file final-v7.cif (mmCIF, C-alpha atoms)
data_work
#
loop_
_atom_site.label_atom_id
_atom_site.label_comp_id
_atom_site.auth_asym_id
_atom_site.auth_seq_id
_atom_site.Cartn_x
_atom_site.Cartn_y
_atom_site.Cartn_z
CA MET A 12 -1.10 67.93 -232.99
CA ARG A 13 2.31 67.36 -234.59
CA VAL A 14 4.91 66.11 -232.14
CA ASP A 15 8.68 65.82 -232.49
CA ALA A 16 9.08 62.69 -230.39
CA HIS A 17 12.86 62.87 -230.09
CA HIS A 18 15.27 65.77 -229.73
CA HIS A 19 18.01 66.91 -227.37
CA LEU A 20 19.06 70.06 -225.54
CA TRP A 21 22.41 70.84 -224.00
CA ARG A 22 24.86 73.42 -222.70
CA TYR A 23 27.98 72.36 -224.52
CA ASN A 24 31.32 71.61 -222.97
CA ALA A 25 33.92 69.30 -224.43
CA GLY A 26 34.36 67.22 -221.29
CA GLU A 27 30.73 66.13 -221.11
CA TYR A 28 30.12 65.78 -224.85
CA GLY A 29 33.23 63.98 -226.01
CA TRP A 30 31.20 62.05 -228.59
CA ILE A 31 30.79 65.29 -230.57
CA ASP A 32 33.92 64.82 -232.64
CA GLU A 33 35.50 66.98 -235.34
CA PRO A 34 33.13 65.94 -238.18
CA MET A 35 30.26 67.03 -235.88
CA ARG A 36 31.91 70.30 -234.87
CA GLU A 37 28.82 72.39 -235.74
CA LEU A 38 27.18 70.80 -232.69
CA ARG A 39 29.81 72.22 -230.37
CA ARG A 40 27.59 74.95 -228.99
CA ASP A 41 24.55 75.34 -226.75
CA PHE A 42 21.16 74.13 -227.98
CA LEU A 43 18.42 75.48 -225.73
CA PRO A 44 14.61 75.85 -225.75
CA ASP A 45 14.60 79.12 -227.72
CA ASP A 46 16.56 77.43 -230.53
CA LEU A 47 14.13 74.51 -230.46
CA GLU A 48 11.02 76.68 -230.57
CA ARG A 49 12.25 78.47 -233.70
CA GLU A 50 12.77 75.14 -235.46
CA LEU A 51 9.35 73.79 -234.44
CA GLN A 52 7.55 76.94 -235.50
CA ALA A 53 9.21 76.98 -238.93
CA ALA A 54 8.25 73.33 -239.51
CA GLY A 55 4.68 73.60 -238.22
CA VAL A 56 5.31 71.33 -235.24
CA ASP A 57 3.30 71.87 -232.06
CA ALA A 58 5.06 69.97 -229.28
CA SER A 59 8.07 67.85 -228.47
CA VAL A 60 9.69 65.24 -226.23
CA VAL A 61 13.24 65.97 -225.08
CA VAL A 62 15.56 62.99 -224.58
CA GLN A 63 18.67 62.60 -222.44
CA ALA A 64 22.09 63.11 -224.00
CA ARG A 65 24.17 62.56 -220.85
CA GLN A 66 23.87 59.73 -218.35
CA THR A 67 23.46 61.83 -215.23
CA MET A 68 20.57 62.58 -212.89
CA GLU A 69 21.73 66.18 -212.99
CA GLU A 70 20.79 66.38 -216.66
CA THR A 71 17.46 64.63 -216.07
CA ARG A 72 16.49 67.22 -213.47
CA TRP A 73 17.74 70.06 -215.68
CA LEU A 74 15.59 68.84 -218.58
CA LEU A 75 12.56 68.65 -216.29
CA GLU A 76 13.11 72.26 -215.24
CA LEU A 77 13.42 73.36 -218.87
CA ALA A 78 10.22 71.51 -219.74
CA LYS A 79 8.32 73.23 -216.93
CA ASP A 80 9.20 76.61 -218.42
CA SER A 81 8.68 75.67 -222.09
CA ARG A 82 5.62 76.25 -224.25
CA VAL A 83 6.39 73.27 -226.48
CA ILE A 84 8.22 70.57 -224.48
CA ARG A 85 5.49 68.23 -223.25
CA GLY A 86 7.66 65.41 -221.94
CA VAL A 87 11.12 64.28 -220.88
CA VAL A 88 12.86 60.94 -221.41
CA GLY A 89 15.61 61.10 -218.84
CA TRP A 90 18.32 58.87 -217.41
CA ALA A 91 18.64 57.08 -214.09
CA ALA A 92 20.93 54.28 -212.90
CA ILE A 93 18.52 51.47 -213.66
CA ALA A 94 20.89 48.71 -212.53
CA ALA A 95 21.67 50.37 -209.18
CA GLU A 96 20.46 48.93 -205.89
CA ASP A 97 18.62 52.13 -204.98
CA PHE A 98 16.76 52.33 -208.30
CA PRO A 99 13.37 51.21 -206.85
CA ALA A 100 13.35 54.25 -204.57
CA VAL A 101 14.66 56.54 -207.32
CA VAL A 102 12.05 55.48 -209.87
CA GLU A 103 9.28 55.83 -207.31
CA GLU A 104 10.35 59.44 -206.81
CA LEU A 105 10.82 60.12 -210.53
CA ALA A 106 7.42 58.68 -211.43
CA ARG A 107 5.84 61.50 -209.41
CA GLU A 108 7.28 64.05 -211.86
CA PRO A 109 4.39 64.74 -214.28
CA LEU A 110 6.68 65.76 -217.15
CA LEU A 111 8.92 62.69 -216.89
CA LYS A 112 7.57 60.24 -219.44
CA GLY A 113 10.36 57.67 -219.69
CA LEU A 114 13.96 56.63 -219.13
CA ARG A 115 16.79 55.69 -221.46
CA HIS A 116 20.25 54.18 -221.20
CA VAL A 117 22.86 54.41 -223.97
CA VAL A 118 22.92 50.67 -224.63
CA GLN A 119 24.59 51.21 -228.03
CA ALA A 120 27.78 52.00 -226.10
CA GLU A 121 27.58 48.89 -223.90
CA PRO A 122 29.19 45.48 -224.55
CA GLU A 123 27.31 42.57 -226.09
CA GLY A 124 24.89 41.00 -223.64
CA PHE A 125 24.24 44.13 -221.59
CA LEU A 126 20.46 43.77 -221.99
CA ASP A 127 20.71 40.21 -220.67
CA GLY A 128 22.19 41.42 -217.38
CA ALA A 129 20.31 40.50 -214.22
CA GLU A 130 20.70 43.88 -212.48
CA PHE A 131 19.45 45.89 -215.44
CA ASN A 132 16.48 43.58 -215.94
CA ARG A 133 15.60 43.84 -212.25
CA GLY A 134 15.58 47.59 -212.63
CA ILE A 135 13.30 47.46 -215.66
CA SER A 136 10.94 45.21 -213.70
CA THR A 137 10.74 47.95 -211.09
CA MET A 138 9.40 50.31 -213.77
CA HIS A 139 6.35 48.12 -214.37
CA GLY A 140 3.27 49.94 -213.18
CA THR A 141 4.92 53.37 -212.94
CA GLY A 142 3.61 54.50 -216.31
CA LEU A 143 7.15 55.31 -217.46
CA VAL A 144 8.25 54.20 -220.91
CA TYR A 145 11.71 52.74 -221.60
CA ASP A 146 13.44 54.05 -224.75
CA VAL A 147 15.75 51.49 -226.36
CA LEU A 148 18.90 52.94 -227.97
CA VAL A 149 20.79 50.20 -229.80
CA TYR A 150 22.60 49.53 -233.04
CA ALA A 151 21.12 47.05 -235.52
CA PRO A 152 23.40 44.13 -234.41
CA GLN A 153 21.84 44.49 -230.93
CA LEU A 154 18.25 44.01 -232.12
CA GLU A 155 18.22 40.26 -231.47
CA GLU A 156 19.40 40.92 -227.91
CA THR A 157 16.72 43.61 -227.64
CA THR A 158 14.00 41.15 -228.60
CA ARG A 159 15.08 38.77 -225.81
CA PHE A 160 15.07 41.71 -223.42
CA VAL A 161 11.58 42.87 -224.40
CA ASP A 162 10.24 39.33 -224.06
CA ARG A 163 11.20 39.37 -220.36
CA HIS A 164 8.98 42.41 -219.76
CA PRO A 165 5.61 41.96 -221.51
CA GLN A 166 3.95 44.54 -219.22
CA GLN A 167 6.48 47.30 -219.99
CA MET A 168 6.07 49.77 -222.86
CA PHE A 169 9.20 50.16 -224.99
CA VAL A 170 10.10 52.70 -227.66
CA LEU A 171 12.77 51.73 -230.19
CA ASP A 172 14.85 54.81 -230.99
CA HIS A 173 16.10 55.63 -234.48
CA MET A 174 14.65 52.54 -236.21
CA GLY A 175 17.23 50.40 -234.42
CA LYS A 176 20.06 52.34 -236.12
CA PRO A 177 20.53 50.34 -239.34
CA ALA A 178 23.92 50.75 -241.01
CA ILE A 179 22.44 52.63 -243.96
CA ALA A 180 25.75 54.00 -245.24
CA LYS A 181 27.08 50.44 -245.43
CA ASP A 182 23.90 49.01 -247.01
CA GLY A 183 22.99 47.02 -243.93
CA PHE A 184 19.36 46.70 -245.00
CA ALA A 185 18.97 42.93 -245.20
CA THR A 186 20.35 41.97 -241.79
CA TRP A 187 18.58 44.90 -240.10
CA ALA A 188 15.19 44.16 -241.70
CA TRP A 189 15.04 40.57 -240.41
CA ASP A 190 15.72 41.43 -236.76
CA PHE A 191 13.66 44.64 -236.96
CA ARG A 192 10.58 42.74 -238.17
CA GLU A 193 10.99 40.17 -235.42
CA LEU A 194 11.11 42.84 -232.73
CA ALA A 195 8.06 44.53 -234.26
CA ARG A 196 5.99 41.43 -233.53
CA ARG A 197 6.04 42.47 -229.86
CA GLN A 198 2.98 44.63 -229.36
CA ASN A 199 4.50 46.48 -226.39
CA VAL A 200 7.12 48.07 -228.68
CA VAL A 201 6.68 51.20 -230.76
CA CYS A 202 9.29 52.72 -233.05
CA LYS A 203 10.63 56.19 -233.75
CA VAL A 204 11.11 57.22 -237.37
CA SER A 205 14.24 59.16 -236.54
CA GLY A 206 18.02 59.06 -236.71
CA MET A 207 18.11 57.76 -240.27
CA VAL A 208 20.04 60.55 -241.98
CA THR A 209 22.92 60.26 -239.55
CA GLU A 210 23.22 56.51 -240.20
CA ALA A 211 23.33 57.24 -243.95
CA ASP A 212 26.07 59.10 -245.83
CA TRP A 213 25.70 62.60 -244.40
CA ASP A 214 26.59 64.33 -247.67
CA CYS A 215 24.74 62.31 -250.29
CA TRP A 216 21.78 60.43 -248.76
CA THR A 217 18.58 60.42 -250.77
CA GLU A 218 14.91 60.09 -249.89
CA ASP A 219 14.62 57.01 -252.08
CA GLU A 220 17.53 55.35 -250.27
CA LEU A 221 15.89 55.90 -246.88
CA GLN A 222 12.30 55.23 -247.93
CA ARG A 223 12.75 51.47 -248.12
CA TYR A 224 13.61 51.51 -244.41
CA PHE A 225 10.51 53.57 -243.70
CA ASP A 226 8.39 51.22 -245.81
CA VAL A 227 9.58 48.23 -243.74
CA ALA A 228 8.72 50.14 -240.57
CA VAL A 229 5.17 50.79 -241.79
CA GLU A 230 4.80 47.16 -242.83
CA ALA A 231 6.21 45.80 -239.57
CA PHE A 232 4.82 48.17 -236.95
CA GLY A 233 1.90 49.78 -238.73
CA ALA A 234 1.13 53.47 -238.40
CA ALA A 235 -0.43 52.83 -234.97
CA ARG A 236 3.04 52.06 -233.52
CA LEU A 237 5.23 54.62 -235.29
CA MET A 238 6.15 58.14 -234.27
CA VAL A 239 8.33 60.69 -236.03
CA GLY A 240 11.29 62.27 -234.26
CA THR A 241 14.07 64.47 -235.57
CA ASP A 242 17.05 63.74 -233.31
CA TRP A 243 17.74 67.49 -233.50
CA PRO A 244 20.28 68.94 -233.16
CA VAL A 245 22.29 65.82 -234.08
CA LEU A 246 20.50 65.61 -237.45
CA LYS A 247 22.02 69.00 -238.37
CA VAL A 248 25.18 67.26 -239.54
CA ALA A 249 23.19 65.74 -242.42
CA CYS A 250 19.83 67.48 -242.70
CA ARG A 251 17.86 70.60 -241.81
CA TYR A 252 15.07 70.31 -239.24
CA ARG A 253 12.28 71.33 -241.58
CA GLN A 254 13.74 69.16 -244.35
CA TRP A 255 13.33 66.01 -242.24
CA TRP A 256 9.68 66.76 -241.56
CA GLU A 257 9.09 67.44 -245.25
CA THR A 258 10.77 64.13 -246.13
CA VAL A 259 8.58 62.13 -243.76
CA ARG A 260 5.45 63.91 -244.98
CA ARG A 261 6.24 62.95 -248.57
CA TRP A 262 6.62 59.33 -247.46
CA THR A 263 3.31 59.39 -245.58
CA ALA A 264 1.39 61.12 -248.37
CA ARG A 265 0.16 57.74 -249.65
CA LEU A 266 -1.24 56.79 -246.23
CA THR A 267 -4.68 57.64 -244.88
CA ALA A 268 -5.33 60.80 -242.90
CA ASP A 269 -5.66 58.74 -239.71
CA GLU A 270 -2.34 57.00 -240.36
CA ARG A 271 -0.59 60.31 -241.01
CA TYR A 272 -2.05 61.74 -237.81
CA ALA A 273 -0.80 58.72 -235.85
CA ILE A 274 2.78 58.92 -237.14
CA GLU A 275 3.06 62.71 -236.93
CA GLY A 276 1.83 63.00 -233.36
CA GLY A 277 -0.97 60.70 -232.30
CA VAL A 278 1.25 57.79 -231.27
CA ALA A 279 3.67 60.00 -229.35
CA LYS A 280 0.75 61.66 -227.58
CA ARG A 281 -0.68 58.26 -226.57
CA VAL A 282 2.51 56.44 -225.62
CA TYR A 283 4.13 59.30 -223.72
CA LYS A 284 0.80 60.51 -222.30
CA LEU A 285 1.40 64.07 -223.49
#

call {"tool": "encode", "arguments": {"input": "final-v7.cif", "output": "structure tokens"}}
result
Amino acid sequence: MRVDAHHHLWRYNAGEYGWIDEPMRELRRDFLPDDLERELQAAGVDASVVVQARQTMEETRWLLELAKDSRVIRGVVGWAAIAAEDFPAVVEELAREPLLKGLRHVVQAEPEGFLDGAEFNRGISTMHGTGLVYDVLVYAPQLEETTRFVDRHPQQMFVLDHMGKPAIAKDGFATWAWDFRELARRQNVVCKVSGMVTEADWDCWTEDELQRYFDVAVEAFGAARLMVGTDWPVLKVACRYRQWWETVRRWTARLTADERYAIEGGVAKRVYKL
């Protein structure tokens, strides 16, 4: 089973999606399950995990409703106020939702040291034992902070989104690779092969340019802790949906059949309990 481990859905309005600026104007429209299913079918993908794009419980519940009615969405990574005092009660309720597989906070938009905060760490501790995964969304300079954070929670499963967002367009390979490899030593972390084209030059990225990042990921995490995601529809600013899958498949062609199966769906199925 091929699984897109990371995509979004939304009903667009400018007030709630202010991050979609003028260079991303083609994203200023609705992206809904029918649009997604057409993309998956054309690329030969069987199932998907939808991930939050707004930090509201309203969106989390909306995504869960969409997943219930979808033939392809097998899981939701939503948002909740992890640092809030009432989070223990909230996560207990959310964990009863069979299609909710994890939570995410947009840490890339937070100040330095956010993942060291006592309230947020208390909230993550509350997730232990719920079966919910925590998706880590950070930029490459936050990877060292992320490693400290993960070390506080050895019983929690973490998924690193978008390869830790290396600054590919600015040739940030060397500094990213060091911190990325260090985080990969933590066996309770898996990594999404996603979000790379939008960290590269949107108009002139090449497969060869991106492959060295993928090769480090395979070396550091191994196929047993990697999963492919598209970050659709965001990737549309730099890449077509099917094109991304074809790119990853060319990279994995040298791997064994079992390794390809793991990256293309097996790891997502296991980690998110799809």

call {"tool": "atom_distance", "arguments": {"input": "final-v7.cif", "atom1": "CA of Ala228 (chain A)", "atom2": "CA of Gly134 (chain A)"}}
result
28.9 Å

call {"tool": "atom_distance", "arguments": {"input": "final-v7.cif", "atom1": "CA of Ala231 (chain A)", "atom2": "CA of His139 (chain A)"}}
result
25.3 Å

call {"tool": "resolve_selection", "arguments": {"input": "final-v7.cif", "expression": "the PyMOL selection byres ((chain A and resi 160-177) around 8)", "output": "PyMOL selection string"}}
result
chain A and resi 126-127+132+135-136+138-140+143-151+154+156-159+178-179+183-184+187+191+197+199-207+210+228

call {"tool": "residues_around", "arguments": {"input": "final-v7.cif", "residues": "Trp30 (chain A)", "least_positions_apart": "4", "cutoff": "12 Å", "atoms": "all atoms listed in the file", "output": "MDAnalysis selection string"}}
result
chainID A and resid 23:26 34:36 38:39 64:65 120 245

call {"tool": "residues_around", "arguments": {"input": "final-v7.cif", "residues": "Val239 (chain A)", "least_positions_apart": "3", "cutoff": "8 Å", "atoms": "only C-alpha atoms", "output": "ChimeraX atom specification"}}
result
/A:14-17,203-205,259,274-276
